[in-house]
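Engineer: This is coords_2.cif (mmCIF, C-alpha atoms).
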data_upload
loop_
_atom_site.label_atom_id
_atom_site.label_comp_id
_atom_site.auth_asym_id
_atom_site.auth_seq_id
_atom_site.Cartn_x
_atom_site.Cartn_y
_atom_site.Cartn_z
CA MET A 1 0.00 0.00 0.00
CA TYR A 2 2.82 2.40 0.91
CA ALA A 3 4.65 1.68 -2.37
CA ILE A 4 1.46 2.24 -4.38
CA GLY A 5 0.83 5.55 -2.61
CA ARG A 6 4.42 6.66 -3.20
CA ASP A 7 4.20 5.75 -6.92
CA THR A 8 0.94 7.70 -7.25
CA ALA A 9 2.49 10.77 -5.59
CA THR A 10 5.52 10.53 -7.88
CA GLN A 11 3.28 10.31 -10.96
CA LYS A 12 1.34 13.38 -9.82
CA LEU A 13 4.54 15.33 -9.31
CA ARG A 14 5.80 14.36 -12.76
CA GLN A 15 2.49 15.32 -14.32
CA LYS A 16 2.56 18.67 -12.53
CA ALA A 17 6.15 19.29 -13.67
CA ARG A 18 5.14 18.54 -17.29
CA THR A 19 2.17 20.90 -16.99
CA ILE A 20 4.27 23.77 -15.64
CA ASN A 21 6.96 23.14 -18.27
CA ALA A 22 4.32 23.33 -21.01
CA LEU A 23 2.96 26.57 -19.52
CA LEU A 24 6.50 28.00 -19.42
CA VAL A 25 7.02 27.26 -23.11
CA ARG A 26 3.58 28.70 -23.95
CA GLU A 27 4.30 31.85 -21.97
CA LEU A 28 7.57 32.34 -23.83
CA MET A 29 5.86 31.89 -27.20
CA VAL A 30 3.00 34.25 -26.36
CA ARG A 31 5.30 36.93 -24.99
CA PHE A 32 8.20 36.78 -27.43
CA GLY A 33 7.02 34.83 -30.49
CA HIS A 34 8.44 31.69 -32.08
CA GLY A 35 11.85 33.01 -33.12
CA ASN A 36 15.08 32.18 -31.29
CA ILE A 37 15.44 35.84 -30.38
CA GLY A 38 12.41 35.43 -28.08
CA PHE A 39 14.22 33.89 -25.15
CA MET A 40 17.05 36.39 -25.59
CA TRP A 41 14.56 39.21 -24.98
CA LEU A 42 13.56 37.58 -21.69
CA VAL A 43 17.12 38.29 -20.57
CA GLY A 44 17.72 41.31 -22.81
CA GLU A 45 14.99 43.57 -21.47
CA PRO A 46 16.17 43.66 -17.81
CA LEU A 47 19.80 43.60 -18.99
CA ILE A 48 19.45 46.74 -21.14
CA LEU A 49 17.69 48.63 -18.36
CA THR A 50 20.25 47.54 -15.75
CA ILE A 51 23.20 48.60 -17.90
CA GLY A 52 21.50 51.93 -18.63
CA VAL A 53 20.95 52.64 -14.93
CA MET A 54 24.54 51.59 -14.08
CA GLY A 55 25.87 54.04 -16.66
CA MET A 56 23.65 56.89 -15.47
CA TRP A 57 24.59 56.41 -11.79
CA THR A 58 28.28 56.24 -12.66
CA LEU A 59 28.01 59.59 -14.45
CA LEU A 60 26.15 61.13 -11.50
CA TYR A 61 28.12 59.74 -8.56
CA GLY A 62 31.46 58.59 -9.95
CA GLU A 63 32.96 55.20 -9.17
CA GLN A 64 32.05 55.04 -5.47
CA LYS A 65 29.46 56.27 -3.00
CA HIS A 66 30.10 56.00 0.75
CA GLY A 67 32.97 53.64 -0.04
CA VAL A 68 30.79 51.25 -2.08
CA LYS A 69 31.43 50.79 -5.79
CA ILE A 70 28.55 52.26 -7.76
CA MET A 71 28.28 49.74 -10.59
CA PRO A 72 27.88 46.56 -8.47
CA LEU A 73 25.66 48.51 -6.07
CA VAL A 74 23.31 49.39 -8.93
CA LEU A 75 23.51 45.91 -10.46
CA THR A 76 22.51 44.19 -7.21
CA GLY A 77 19.80 46.74 -6.39
CA TYR A 78 18.26 47.12 -9.83
CA SER A 79 18.18 43.35 -10.41
CA THR A 80 16.02 42.77 -7.30
CA LEU A 81 13.86 45.81 -8.16
CA THR A 82 13.31 44.46 -11.68
CA LEU A 83 12.33 41.06 -10.27
CA PHE A 84 9.92 42.75 -7.83
CA ARG A 85 8.20 44.74 -10.57
CA HIS A 86 8.17 41.96 -13.17
CA ILE A 87 6.72 39.27 -10.90
CA ILE A 88 3.92 41.42 -9.52
CA GLY A 89 3.23 43.01 -12.90
CA SER A 90 2.99 39.63 -14.64
CA TYR A 91 0.76 38.15 -11.92
CA VAL A 92 -1.88 40.91 -12.02
CA ASN A 93 -3.94 39.64 -14.97
CA CYS A 94 -2.62 36.07 -14.93
CA PHE A 95 -5.88 34.35 -13.98
CA ARG A 96 -7.92 36.33 -16.50
CA ALA A 97 -5.43 35.92 -19.34
CA ASN A 98 -5.11 32.14 -18.85
CA ALA A 99 -8.74 31.33 -18.07
CA GLY A 100 -9.11 29.44 -21.35
CA LEU A 101 -6.40 26.97 -20.31
CA LEU A 102 -8.49 25.77 -17.38
CA PHE A 103 -10.47 23.56 -19.75
CA HIS A 104 -7.54 21.17 -19.41
CA ARG A 105 -8.02 18.97 -16.36
CA THR A 106 -4.34 19.06 -15.42
CA VAL A 107 -4.11 22.88 -15.42
CA ARG A 108 -4.97 24.77 -12.23
CA PRO A 109 -4.95 28.57 -11.77
CA VAL A 110 -1.91 28.37 -9.50
CA ASP A 111 0.04 26.51 -12.22
CA THR A 112 -0.15 29.58 -14.48
CA ILE A 113 1.16 31.72 -11.63
CA ILE A 114 4.07 29.36 -10.90
CA ALA A 115 5.04 29.28 -14.59
CA ARG A 116 5.17 33.08 -14.80
CA GLY A 117 7.09 33.32 -11.54
CA LEU A 118 9.73 30.82 -12.69
CA LEU A 119 10.08 32.60 -16.01
CA GLU A 120 10.74 35.97 -14.38
CA THR A 121 13.02 34.52 -11.68
CA ILE A 122 15.23 32.67 -14.16
CA GLY A 123 15.23 35.45 -16.76
CA VAL A 124 16.28 38.26 -14.41
CA LEU A 125 18.87 36.06 -12.67
CA ILE A 126 20.46 35.20 -16.03
CA ALA A 127 20.44 38.92 -16.89
CA PHE A 128 22.28 39.61 -13.62
CA PHE A 129 25.07 37.16 -14.48
CA VAL A 130 25.20 38.25 -18.13
CA ALA A 131 25.91 41.78 -16.86
CA TYR A 132 28.26 40.61 -14.10
CA VAL A 133 30.57 38.24 -16.00
CA PRO A 134 31.91 40.68 -18.66
CA MET A 135 32.37 43.41 -16.03
CA ARG A 136 34.23 40.95 -13.82
CA LEU A 137 36.49 39.87 -16.71
CA LEU A 138 37.22 43.53 -17.50
CA GLY A 139 38.10 44.19 -13.87
CA TYR A 140 35.24 46.58 -13.05
CA PHE A 141 33.65 44.16 -10.55
CA ASP A 142 35.19 42.25 -7.67
CA PRO A 143 34.43 38.50 -7.43
CA ILE A 144 31.20 37.49 -5.70
CA TYR A 145 32.06 36.75 -2.07
CA ASP A 146 29.50 34.02 -1.25
CA TYR A 147 27.41 32.47 -4.03
CA SER A 148 25.32 30.40 -1.59
CA LEU A 149 24.25 33.47 0.39
CA LEU A 150 23.63 35.50 -2.76
CA LEU A 151 21.45 32.81 -4.37
CA SER A 152 19.65 32.07 -1.09
CA ALA A 153 18.71 35.75 -0.83
CA TRP A 154 17.57 35.76 -4.46
CA PHE A 155 15.27 32.76 -4.18
CA LEU A 156 13.92 33.82 -0.77
CA PHE A 157 13.14 37.20 -2.30
CA CYS A 158 11.43 35.49 -5.23
CA PHE A 159 9.44 33.18 -2.94
CA GLY A 160 8.23 36.06 -0.78
CA ILE A 161 7.40 38.37 -3.69
CA SER A 162 5.63 35.51 -5.48
CA GLY A 163 3.35 35.09 -2.47
CA PHE A 164 2.65 38.82 -2.36
CA GLY A 165 2.07 38.82 -6.13
CA MET A 166 -0.50 36.03 -5.77
CA ILE A 167 -2.35 38.08 -3.16
CA VAL A 168 -2.41 41.04 -5.55
CA ALA A 169 -3.55 38.77 -8.41
CA CYS A 170 -6.44 37.45 -6.32
CA ILE A 171 -7.56 40.96 -5.36
CA CYS A 172 -7.40 42.09 -9.00
CA GLN A 173 -9.34 39.02 -10.14
CA ILE A 174 -12.18 39.89 -7.76
CA SER A 175 -12.03 43.65 -8.46
CA GLU A 176 -10.83 44.97 -11.83
CA THR A 177 -10.63 48.47 -10.34
CA ALA A 178 -7.81 47.31 -8.05
CA GLU A 179 -5.68 46.53 -11.10
CA ARG A 180 -5.41 50.24 -11.91
CA PHE A 181 -3.64 50.91 -8.63
CA VAL A 182 -0.94 48.25 -9.02
CA GLN A 183 1.55 50.14 -11.22
CA PRO A 184 1.39 53.39 -9.19
CA MET A 185 1.87 51.36 -5.98
CA LEU A 186 4.91 49.62 -7.46
CA TYR A 187 6.56 52.99 -8.08
CA LEU A 188 5.64 54.28 -4.62
CA ALA A 189 7.08 51.11 -3.07
CA ILE A 190 10.58 51.63 -4.56
CA PRO A 191 11.98 53.34 -1.41
CA ALA A 192 10.77 50.37 0.68
CA THR A 193 12.81 47.92 -1.42
CA GLY A 194 16.22 49.27 -0.41
CA SER A 195 17.41 48.90 -3.99
CA PHE A 196 19.30 52.19 -4.25
CA PHE A 197 20.74 52.68 -0.79
CA MET A 198 22.52 50.79 1.97
CA VAL A 199 21.03 50.71 5.46
CA ALA A 200 24.40 51.71 6.94
CA TRP A 201 24.20 55.05 5.10
CA LEU A 202 21.10 56.13 7.04
CA PRO A 203 20.73 57.71 10.49
CA GLU A 204 19.95 55.24 13.27
CA THR A 205 16.27 56.22 13.49
CA ALA A 206 15.82 55.82 9.74
CA GLN A 207 17.56 52.44 9.86
CA LYS A 208 14.99 51.11 12.33
CA ILE A 209 12.17 52.28 10.06
CA VAL A 210 13.50 50.86 6.78
CA LEU A 211 14.38 47.53 8.43
CA LEU A 212 10.67 46.98 9.05
CA SER A 213 10.52 46.20 5.32
CA PRO A 214 11.40 42.57 4.48
CA LEU A 215 12.44 43.76 1.01
CA VAL A 216 15.24 45.81 2.56
CA HIS A 217 16.45 42.71 4.43
CA CYS A 218 16.43 40.76 1.14
CA ASN A 219 18.50 43.41 -0.62
CA GLU A 220 20.97 43.66 2.24
CA MET A 221 21.29 39.87 2.35
CA PHE A 222 21.83 39.76 -1.43
CA ARG A 223 24.53 42.41 -1.16
CA ALA A 224 26.13 40.62 1.79
CA GLY A 225 26.53 37.62 -0.52
CA TYR A 226 28.01 39.84 -3.22
CA PHE A 227 30.31 42.20 -1.26
CA GLY A 228 31.07 40.13 1.84
CA PRO A 229 32.36 41.76 5.06
CA SER A 230 34.02 44.61 3.14
CA VAL A 231 30.62 46.38 3.07
CA ALA A 232 28.42 46.78 6.16
CA THR A 233 25.00 45.13 5.75
CA SER A 234 22.01 44.73 8.07
CA TRP A 235 19.62 41.82 7.61
CA ASN A 236 17.82 39.02 9.44
CA GLY A 237 17.36 35.77 7.52
CA TRP A 238 14.63 34.45 9.81
CA TYR A 239 12.65 37.65 9.35
CA VAL A 240 12.76 37.13 5.59
CA VAL A 241 11.82 33.43 5.86
CA THR A 242 8.87 34.23 8.15
CA TRP A 243 7.64 36.98 5.83
CA ALA A 244 7.88 34.69 2.79
CA LEU A 245 6.02 31.82 4.50
CA VAL A 246 3.25 34.10 5.81
CA ASN A 247 2.84 35.70 2.37
CA ASN A 248 2.49 32.32 0.69
CA ALA A 249 0.16 30.90 3.35
CA ILE A 250 -2.21 33.83 2.80
CA ALA A 251 -1.75 33.67 -0.97
CA TRP A 252 -2.55 29.97 -1.37
CA THR A 253 -5.65 30.35 0.80
CA LEU A 254 -6.84 33.27 -1.34
CA VAL A 255 -6.12 31.40 -4.60
CA LYS A 256 -8.46 28.60 -3.53
CA ARG A 257 -11.23 31.10 -2.78
CA THR A 258 -10.59 33.15 -5.92
CA GLN A 259 -10.98 30.19 -8.29
CA ARG A 260 -14.76 30.53 -8.10
CA HIS A 261 -14.47 34.05 -9.60
CA ILE A 262 -12.55 32.86 -12.67
CA GLU A 263 -14.76 32.67 -15.75
CA ILE A 264 -13.54 29.99 -18.17
CA SER A 265 -13.76 31.46 -21.67
#
Do you think you could lay out the structure here as structure tokens?
Structural biologist:
Amino acid sequence: MYAIGRDTATQKLRQKARTINALLVRELMVRFGHGNIGFMWLVGEPLILTIGVMGMWTLLYGEQKHGVKIMPLVLTGYSTLTLFRHIIGSYVNCFRANAGLLFHRTVRPVDTIIARGLLETIGVLIAFFVAYVPMRLLGYFDPIYDYSLLLSAWFLFCFGISGFGMIVACICQISETAERFVQPMLYLAIPATGSFFMVAWLPETAQKIVLLSPLVHCNEMFRAGYFGPSVATSWNGWYVVTWALVNNAIAWTLVKRTQRHIEIS
């Protein structure tokens, strides 16, 4: 009986993996077309913006700010900001845009969300390394101090933002009016991400305020993995883990309730 149950669970996991893989491929085709250049644009869009912002900040502030090199500071900060905006932005109309796929018995609303989240997570991470490697070879960037910490921060950030994005998607599915407020709120939330400053630069009172934001902890953790002890960072890994788990617990509960509001077209 135990072996049969284990085989059934394995089959379900394989089926779910095939479903999400198919949704990933479909999402790529819908977004970028059937040409080989399509996948390149998944990486190219955030890469072009990141390089543009790095160049602009270098012109404005020079090579360093408060003893931190400007180019890697912008690369680390703008990469997480791009992921934040892309995941939430792509989740907003996800249920409505993919309602027709729910005719398939194996496709669930949350599968479409997971596919989009994976696409954005992988695409922006590749863009980060595509920008980093040439700069490292040319000597503009120092080597990454701790890959395990850097990648842990990245995927924790993705996991937490994905949960928050699902909550936003559920609200927008129930109320179309809410969708109009998403983009303005994303811009207003930029200071709360910690993308363009270090906590150590701020006065003590301001530090306590900004560290209430889990996004700031994620950015500081990501930069701790990149810079190492040469740059002062302030973050709490358990705070980030708790925030990510709470976000996803709320999100998955809401997704189950929101399914009844999805009209299959």
Engineer: Please compute the atom CA of Trp201 of chain A-atom CA of Met54 of chain A distance, one decimal, in Å.
Structural biologist: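 Atom CA of Met54 of chain A lies 19.5 Å from atom CA of Trp201 of chain A.
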Engineer: Would you list the contacts of Tyr132 of chain A as a PDB file with C-alpha atoms, in the frame of the given file, taking every protein, DNA or RNA residue within 9 Å and counting all atoms listed in the file, but skipping same-chain residues closer than 6 positions in sequence?
Structural biologist:
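Contents of result00.pdb, freshly written:
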ATOM      1  CA  PRO A  72      27.880  46.560  -8.470  1.00  0.00           C
ATOM      2  CA  LEU A  75      23.510  45.910 -10.460  1.00  0.00           C
ATOM      3  CA  PHE A 141      33.650  44.160 -10.550  1.00  0.00           C
TER       4      PHE A 141
END
Engineer: Measuring atom to atom with all atoms listed in the file, identify which of A:Gln183, A:Ser162, A:Thr76, A:Gln11 is nearest to Leu245 of chain A.
Structural biologist: A:Ser162
Engineer: When distances are computed from all atoms listed in the file, which of A:Phe196, A:Phe155, A:Trp252, A:Phe129 shows the smallest separation from Val168 of chain A?
Structural biologist: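 Among the listed residues, the smallest separation from Val168 of chain A belongs to A:Trp252.
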Engineer: Would you kindly identify which residues have an atom no farther than 12 Å from (2.7, 41.8, -17.2), using only C-alpha atoms and the file's own coordinates, and write them out as an mmCIF file with C-alpha atoms, in the coordinates of the input?
Structural biologist:
data_model
loop_
_atom_site.group_PDB
_atom_site.id
_atom_site.type_symbol
_atom_site.label_atom_id
_atom_site.label_comp_id
_atom_site.auth_asym_id
_atom_site.auth_seq_id
_atom_site.Cartn_x
_atom_site.Cartn_y
_atom_site.Cartn_z
ATOM 1 C CA GLU A 27 4.300 31.850 -21.970
ATOM 2 C CA VAL A 30 3.000 34.250 -26.360
ATOM 3 C CA ARG A 31 5.300 36.930 -24.990
ATOM 4 C CA LEU A 83 12.330 41.060 -10.270
ATOM 5 C CA PHE A 84 9.920 42.750 -7.830
ATOM 6 C CA ARG A 85 8.200 44.740 -10.570
ATOM 7 C CA HIS A 86 8.170 41.960 -13.170
ATOM 8 C CA ILE A 87 6.720 39.270 -10.900
ATOM 9 C CA ILE A 88 3.920 41.420 -9.520
ATOM 10 C CA GLY A 89 3.230 43.010 -12.900
ATOM 11 C CA SER A 90 2.990 39.630 -14.640
ATOM 12 C CA TYR A 91 0.760 38.150 -11.920
ATOM 13 C CA VAL A 92 -1.880 40.910 -12.020
ATOM 14 C CA ASN A 93 -3.940 39.640 -14.970
ATOM 15 C CA CYS A 94 -2.620 36.070 -14.930
ATOM 16 C CA PHE A 95 -5.880 34.350 -13.980
ATOM 17 C CA ARG A 96 -7.920 36.330 -16.500
ATOM 18 C CA ALA A 97 -5.430 35.920 -19.340
ATOM 19 C CA ILE A 113 1.160 31.720 -11.630
ATOM 20 C CA ARG A 116 5.170 33.080 -14.800
ATOM 21 C CA GLY A 117 7.090 33.320 -11.540
ATOM 22 C CA LEU A 119 10.080 32.600 -16.010
ATOM 23 C CA GLU A 120 10.740 35.970 -14.380
ATOM 24 C CA GLY A 165 2.070 38.820 -6.130
ATOM 25 C CA ALA A 169 -3.550 38.770 -8.410
ATOM 26 C CA GLU A 179 -5.680 46.530 -11.100
ATOM 27 C CA VAL A 182 -0.940 48.250 -9.020
ATOM 28 C CA GLN A 183 1.550 50.140 -11.220
#
Engineer: List as CSV every residue of segment 121-154 of chain A that is in contact with segment 214-236 of chain A, defined as an atom at most 7 Å from one of its atoms (using all atoms listed in the file), together with the nearest atom pair and the distance in Å rounded to one decimal, sorted by chain and then rising number.
Structural biologist:
residue,atom,partner,partner_atom,distance
A:Ile144,CA,A:Tyr226,CA,4.7
A:Tyr145,CA,A:Tyr226,CA,5.2
A:Asp146,CA,A:Gly225,CA,4.7
A:Tyr147,CA,A:Gly225,CA,6.3
A:Leu149,CA,A:Gly225,CA,4.8
A:Leu150,CA,A:Gly225,CA,4.2
A:Ala153,CA,A:Phe222,CA,5.1
A:Trp154,CA,A:Phe222,CA,6.6
Engineer: Store the residues picked out above, limited to C-alpha atoms, as a short mmCIF file (atom, residue, chain, number, x, y, z; two decimals), keeping the file's coordinate frame.
Structural biologist:
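For reference, again-v5.cif as written:
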data_model
loop_
_atom_site.label_atom_id
_atom_site.label_comp_id
_atom_site.auth_asym_id
_atom_site.auth_seq_id
_atom_site.Cartn_x
_atom_site.Cartn_y
_atom_site.Cartn_z
CA ILE A 144 31.20 37.49 -5.70
CA TYR A 145 32.06 36.75 -2.07
CA ASP A 146 29.50 34.02 -1.25
CA TYR A 147 27.41 32.47 -4.03
CA LEU A 149 24.25 33.47 0.39
CA LEU A 150 23.63 35.50 -2.76
CA ALA A 153 18.71 35.75 -0.83
CA TRP A 154 17.57 35.76 -4.46
#
Engineer: Calculate how many Å separate atom CA of Gly77 of chain A from atom CA of Val110 of chain A, rounding to one decimal.
Structural biologist: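 Calculated distance between atom CA of Gly77 of chain A and atom CA of Val110 of chain A is 28.6 Å.
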Engineer: Written as JSON, numbers by chain, what is the full residue list that the PyMOL selection byres ((chain A and resi 167) around 8) yields on the file shown?
Structural biologist: {"A": [163, 164, 165, 166, 168, 169, 170, 171, 247, 250, 251, 254, 255]}
Engineer: Which centre and edge lengths in Å to one decimal define the box along x, y and z that fits every listed atom of segment 22-32 of chain A plus 5 Å per side, as AutoDock Vina command-line options?
Structural biologist:
--center_x 5.6 --center_y 30.1 --center_z -23.4 --size_x 15.2 --size_y 23.6 --size_z 18.0
Engineer: Please report the interatomic distance between atom CA of Leu81 of chain A and atom CA of Thr253 of chain A in Å with one decimal.
Structural biologist: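 Computed distance, atom CA of Leu81 of chain A to atom CA of Thr253 of chain A, equals 26.5 Å.
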Engineer: With the PyMOL selection byres ((chain A and resi 124) around 8) as the selection, what would be picked from this file? Answer as a PyMOL selection string, please.
Structural biologist: chain A and resi 42-43+46-47+79+82-83+120-123+125-128
Engineer: Compare A:Gln259, A:Val246, A:Val74, A:Ala206 by their minimum atom-to-atom distance to Ala131 of chain A, counting only C-alpha atoms, and give me the closest one.
Structural biologist: A:Val74
Engineer: Which residue gives the smallest distance to Ala17 of chain A among A:Lys65, A:Thr106, A:Thr50, A:Leu138, with all atoms listed in the file counted?
Structural biologist: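 The shortest atom-to-atom distance to Ala17 of chain A comes from A:Thr106.
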Engineer: Could you spell out the hits of the PyMOL selection byres ((chain A and resi 58) around 12) on the shown file, as a ChimeraX atom specification?
Structural biologist: /A:51-57,59-65,68-75,140
Engineer: Pick the closest to Ala22 of chain A from A:Leu151, A:Ile114, A:Ala192, A:Leu137: which is it, counting all atoms listed in the file?
Structural biologist: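 Once distances to Ala22 of chain A are computed over all atoms listed in the file, the minimum belongs to A:Ile114.
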